[in-house]
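Student: Pasting a structure here, questions to come.
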Amino acid sequence: AAPAAGGKGGVDFVLLAYFAFWYLGNYYYNITNKLALKAAGGASGFPMTIATLQLGIGVLWGLLLWGYPDARALPKTTFADWRKTLPVGFTSAGAHAASVFALSAGAVSFGQIVKAAEPAFAALIGTLFYSSKVSTAKWLCLIPVIGGVVLASLGELDFAWAALITAGIANVFAAIKANENKKLMTTEGLKDRMGGVGNQFALTMINSFLFCLVLMFVTEGYKFGAFLKLAASNKVVLMNLIFSGLWFYAYNELATFTIKKTNAVTQSVANTAKRVIVIVGVAIVMGESLDPLKLTGCAIGIGGVFLYSIIDDVVKKFKS
């Protein structure tokens, strides 16, 4: 049980609510996102348009919170501050667009298994480009992570190279985003000027939407009119697009608040549990394959990710 807000023993019901709605939001985002993509033609339909409009719905929600009386104070960032947020917005846009394409090209459960290998990409990119130091123990933990993804790929009945490659690209963008965000938050006084994690996420969402908007018109602009006609005539596309955008914004912001209120080990356990719930739950609801080899690869890969996130603390305890 987490300590209560007042410092007394007991259960922190606010934190439990954060966890519950973070999981629920992530779960329903994956379902509504896949339903919208599937109804719009899958990978050959409008994945970039759907990815962009999901962010656009999140932007509208963020603006509503700023405009509604006493809901959320406006950030006091300068133009120079905004320019510094652009790398995070760009990489966030890349991670989201690539993820949506991966989920349009293959099974949601498979895409999530590949995305679980993000620590491998983060370790490599951090070491090569950001002078990050990764312990030997962590490098060794990447063996089951990569091995698990390979096994899951062999056991995936609906395997698609497009899903594997774009999920990997999403991991690259996510790893760069994490490092750029870390750099951004070292800017003196920026946290105070932003006015909290909610505003930080809203600004990232706006930047991501603008970057995706450009890419959408470059790649799918010629058929945007066809998409509007489809959305107007097909309620499955329209409603799941709207709800996936709202779920995406809500679960990401809740994840940010949850992470702020917990320690590293709790975050690791929470992320591991979330992936298991989403992978298995969505596979059951969407009727996706749960081949034994795929499940074995999933278990090994996610177990490796969990071990990666706690191994340094475990090694320190053994040394002491």
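Going by the structure tokens order, chains are called A, B, ..., each with residues numbered from 1, while ligands are numbered from 1 in the order shown.
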What's around Asn30 of chain A at 9 Å? Count only C-alpha atoms, leave out sequence neighbours fewer than 4 positions away in its own chain, and write the answer as a ChimeraX atom specification.
Tutor: /A:25-26,34-35,103,108,244,247-248,278,282
Student: Residues at most 8 Å from Gly303 of chain A, counting only C-alpha atoms, excluding those fewer than 3 positions away in the same chain, as a list in words?
Tutor: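 Once the nearby chain positions are removed, what remains is Pro144, Val145, Thr272, Ala299, Ile300, Phe306 and Leu307 of chain A.
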Student: What's the 9 Å shell around Leu246 of chain A, counting only C-alpha atoms, without same-chain residues fewer than 6 positions away, as a PyMOL selection string?
Tutor: chain A and resi 25+29+54-55+57-58+61
Student: Put those residues in a file: N, CA, C and O atoms, as an mmCIF file, in the first residue's frame.
Tutor:
```
data_model
loop_
_atom_site.group_PDB
_atom_site.id
_atom_site.type_symbol
_atom_site.label_atom_id
_atom_site.label_comp_id
_atom_site.auth_asym_id
_atom_site.auth_seq_id
_atom_site.Cartn_x
_atom_site.Cartn_y
_atom_site.Cartn_z
ATOM 1 N N GLY A 25 -6.963 3.718 -19.929
ATOM 2 C CA GLY A 25 -6.782 4.584 -21.087
ATOM 3 C C GLY A 25 -5.913 3.945 -22.148
ATOM 4 O O GLY A 25 -6.223 4.004 -23.348
ATOM 5 N N TYR A 29 -7.249 2.926 -25.732
ATOM 6 C CA TYR A 29 -6.622 3.598 -26.869
ATOM 7 C C TYR A 29 -6.225 2.572 -27.926
ATOM 8 O O TYR A 29 -6.491 2.754 -29.125
ATOM 9 N N GLN A 54 -5.634 12.252 -34.325
ATOM 10 C CA GLN A 54 -5.637 11.865 -32.905
ATOM 11 C C GLN A 54 -4.922 12.926 -32.067
ATOM 12 O O GLN A 54 -5.411 13.330 -31.004
ATOM 13 N N LEU A 55 -3.780 13.389 -32.571
ATOM 14 C CA LEU A 55 -3.054 14.454 -31.867
ATOM 15 C C LEU A 55 -3.855 15.750 -31.885
ATOM 16 O O LEU A 55 -3.864 16.494 -30.903
ATOM 17 N N ILE A 57 -7.077 16.093 -31.834
ATOM 18 C CA ILE A 57 -8.129 15.995 -30.807
ATOM 19 C C ILE A 57 -7.531 16.269 -29.429
ATOM 20 O O ILE A 57 -8.124 16.970 -28.601
ATOM 21 N N GLY A 58 -6.334 15.751 -29.187
ATOM 22 C CA GLY A 58 -5.637 16.016 -27.921
ATOM 23 C C GLY A 58 -5.311 17.485 -27.754
ATOM 24 O O GLY A 58 -5.431 18.046 -26.658
ATOM 25 N N TRP A 61 -8.389 19.340 -26.698
ATOM 26 C CA TRP A 61 -8.658 19.088 -25.278
ATOM 27 C C TRP A 61 -7.726 19.926 -24.401
ATOM 28 O O TRP A 61 -8.149 20.514 -23.402
#
```
Student: Taking only C-alpha atoms into account, which of A:Ala97, A:Ile242, A:Ala105, A:Ile113 comes nearest Ala283 of chain A?
Tutor: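 Closest candidate: A:Ile113.
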Student: Show which residues sit within 9 Å of segment 214-217 of chain A, as a PyMOL selection string. Count only C-alpha atoms, and ignore same-chain residues fewer than 3 positions away.
Tutor: chain A and resi 48-49+51-52+209-211+220-222+224
Student: How far is it from atom CA of Phe173 of chain A to atom CA of Ala17 of chain A, in Å with one decimal?
Tutor: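 Taking atom CA of Phe173 of chain A and atom CA of Ala17 of chain A, their separation equals 29.5 Å.
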Student: Give me the residues near segment 38-45 of chain A as a list in words, where near means some atom within 10 Å (using only C-alpha atoms) and where sequence neighbours in that chain fewer than 2 positions away do not count.
Tutor: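 With the cut-off at 10 Å, the set is Thr32, Asn33, Lys34, Leu35, Ala36, Pro47, Met48, Thr49, Ile50, Val100, Phe101, Ala102, Leu103, Ser104, Ala105, Gly106, Ala162, Ala163, Glu220, Lys223, Phe227, Leu230, Ala231, Asn234, Lys235, Val236, Val237, Leu238 and Asn240 of chain A.
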Student: May I have the residues within 7 Å of Gly89 of chain A as an mmCIF file with N, CA, C and O atoms, in the first residue's frame, using only C-alpha atoms and disregarding those fewer than 5 positions away in the same chain?
Tutor:
```
data_model
loop_
_atom_site.group_PDB
_atom_site.id
_atom_site.type_symbol
_atom_site.label_atom_id
_atom_site.label_comp_id
_atom_site.auth_asym_id
_atom_site.auth_seq_id
_atom_site.Cartn_x
_atom_site.Cartn_y
_atom_site.Cartn_z
ATOM 1 N N THR A 204 4.025 19.652 -25.762
ATOM 2 C CA THR A 204 4.585 18.590 -26.601
ATOM 3 C C THR A 204 3.549 18.108 -27.610
ATOM 4 O O THR A 204 3.854 17.872 -28.778
ATOM 5 N N MET A 205 2.304 17.969 -27.157
ATOM 6 C CA MET A 205 1.217 17.524 -28.026
ATOM 7 C C MET A 205 0.991 18.510 -29.181
ATOM 8 O O MET A 205 0.818 18.106 -30.337
ATOM 9 N N ASN A 207 3.182 20.695 -30.487
ATOM 10 C CA ASN A 207 4.318 20.600 -31.404
ATOM 11 C C ASN A 207 4.244 19.333 -32.254
ATOM 12 O O ASN A 207 4.502 19.363 -33.468
ATOM 13 N N SER A 208 3.899 18.214 -31.623
ATOM 14 C CA SER A 208 3.801 16.941 -32.343
ATOM 15 C C SER A 208 2.743 17.015 -33.437
ATOM 16 O O SER A 208 2.944 16.522 -34.550
#
```
Student: Would you work out the distance separating atom CA of Lys294 of chain A from atom CA of Leu151 of chain A, expressed in Å to one decimal?
Tutor: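 Result for atom CA of Lys294 of chain A versus atom CA of Leu151 of chain A: 6.4 Å, one decimal.
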Student: Could you produce a table of the residues of segment 166-215 of chain A lying within 9 Å of segment 121-128 of chain A, with the nearest pair of atoms per residue and their separation in Å rounded to one decimal, using only C-alpha atoms, ordered by chain and increasing residue number, as JSON lines?
Tutor:
```
{"residue": "A:Gly168", "atom": "CA", "partner": "A:Phe121", "partner_atom": "CA", "distance": 8.4}
{"residue": "A:Asn171", "atom": "CA", "partner": "A:Phe121", "partner_atom": "CA", "distance": 6.4}
{"residue": "A:Val172", "atom": "CA", "partner": "A:Phe121", "partner_atom": "CA", "distance": 5.9}
{"residue": "A:Ala174", "atom": "CA", "partner": "A:Ala122", "partner_atom": "CA", "distance": 7.9}
{"residue": "A:Ala175", "atom": "CA", "partner": "A:Ala122", "partner_atom": "CA", "distance": 4.5}
{"residue": "A:Ile176", "atom": "CA", "partner": "A:Ile125", "partner_atom": "CA", "distance": 7.1}
{"residue": "A:Ala178", "atom": "CA", "partner": "A:Ala122", "partner_atom": "CA", "distance": 8.2}
{"residue": "A:Asn179", "atom": "CA", "partner": "A:Gly126", "partner_atom": "CA", "distance": 7.1}
```
Student: Could you save the residues just selected, with N, CA, C and O atoms, as a PDB file, in the first residue's frame?
Tutor:
```pdb
ATOM      1  N   GLY A 168      10.036  -0.649 -34.662  1.00  0.00           N
ATOM      2  CA  GLY A 168      11.441  -0.368 -34.332  1.00  0.00           C
ATOM      3  C   GLY A 168      11.771   1.107 -34.508  1.00  0.00           C
ATOM      4  O   GLY A 168      12.470   1.706 -33.677  1.00  0.00           O
ATOM      5  N   ASN A 171      10.516   3.023 -31.657  1.00  0.00           N
ATOM      6  CA  ASN A 171      11.417   2.888 -30.511  1.00  0.00           C
ATOM      7  C   ASN A 171      12.608   3.832 -30.611  1.00  0.00           C
ATOM      8  O   ASN A 171      13.061   4.387 -29.601  1.00  0.00           O
ATOM      9  N   VAL A 172      13.132   4.014 -31.825  1.00  0.00           N
ATOM     10  CA  VAL A 172      14.255   4.939 -32.033  1.00  0.00           C
ATOM     11  C   VAL A 172      13.825   6.364 -31.671  1.00  0.00           C
ATOM     12  O   VAL A 172      14.513   7.069 -30.920  1.00  0.00           O
ATOM     13  N   ALA A 174      11.318   7.265 -29.768  1.00  0.00           N
ATOM     14  CA  ALA A 174      11.002   7.343 -28.340  1.00  0.00           C
ATOM     15  C   ALA A 174      12.272   7.463 -27.503  1.00  0.00           C
ATOM     16  O   ALA A 174      12.310   8.199 -26.509  1.00  0.00           O
ATOM     17  N   ALA A 175      13.322   6.745 -27.912  1.00  0.00           N
ATOM     18  CA  ALA A 175      14.591   6.797 -27.180  1.00  0.00           C
ATOM     19  C   ALA A 175      15.228   8.182 -27.293  1.00  0.00           C
ATOM     20  O   ALA A 175      15.738   8.734 -26.309  1.00  0.00           O
ATOM     21  N   ILE A 176      15.196   8.760 -28.493  1.00  0.00           N
ATOM     22  CA  ILE A 176      15.748  10.114 -28.690  1.00  0.00           C
ATOM     23  C   ILE A 176      14.919  11.132 -27.915  1.00  0.00           C
ATOM     24  O   ILE A 176      15.461  12.048 -27.282  1.00  0.00           O
ATOM     25  N   ALA A 178      13.244  10.721 -25.148  1.00  0.00           N
ATOM     26  CA  ALA A 178      13.540  10.642 -23.714  1.00  0.00           C
ATOM     27  C   ALA A 178      14.812  11.421 -23.390  1.00  0.00           C
ATOM     28  O   ALA A 178      14.870  12.161 -22.389  1.00  0.00           O
ATOM     29  N   ASN A 179      15.841  11.283 -24.234  1.00  0.00           N
ATOM     30  CA  ASN A 179      17.099  11.999 -24.004  1.00  0.00           C
ATOM     31  C   ASN A 179      16.947  13.499 -24.229  1.00  0.00           C
ATOM     32  O   ASN A 179      17.495  14.314 -23.477  1.00  0.00           O
TER      33      ASN A 179
END
```
Student: Compare A:Met194, A:Asn199, A:Leu64, A:Trp161 by their minimum atom-to-atom distance to Phe257 of chain A, counting only C-alpha atoms, and give me the closest one.
Tutor: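 Going through A:Met194, A:Asn199, A:Leu64, A:Trp161 one by one, the smallest distance to Phe257 of chain A is for A:Asn199.
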Student: Pull the helix (DSSP H, G or I) assignments for segment 9-91 of chain A out of DSSP run on the backbone, and list those residues as number ranges by chain.
Tutor: A: 13-39, 42-44, 47-67, 79-91
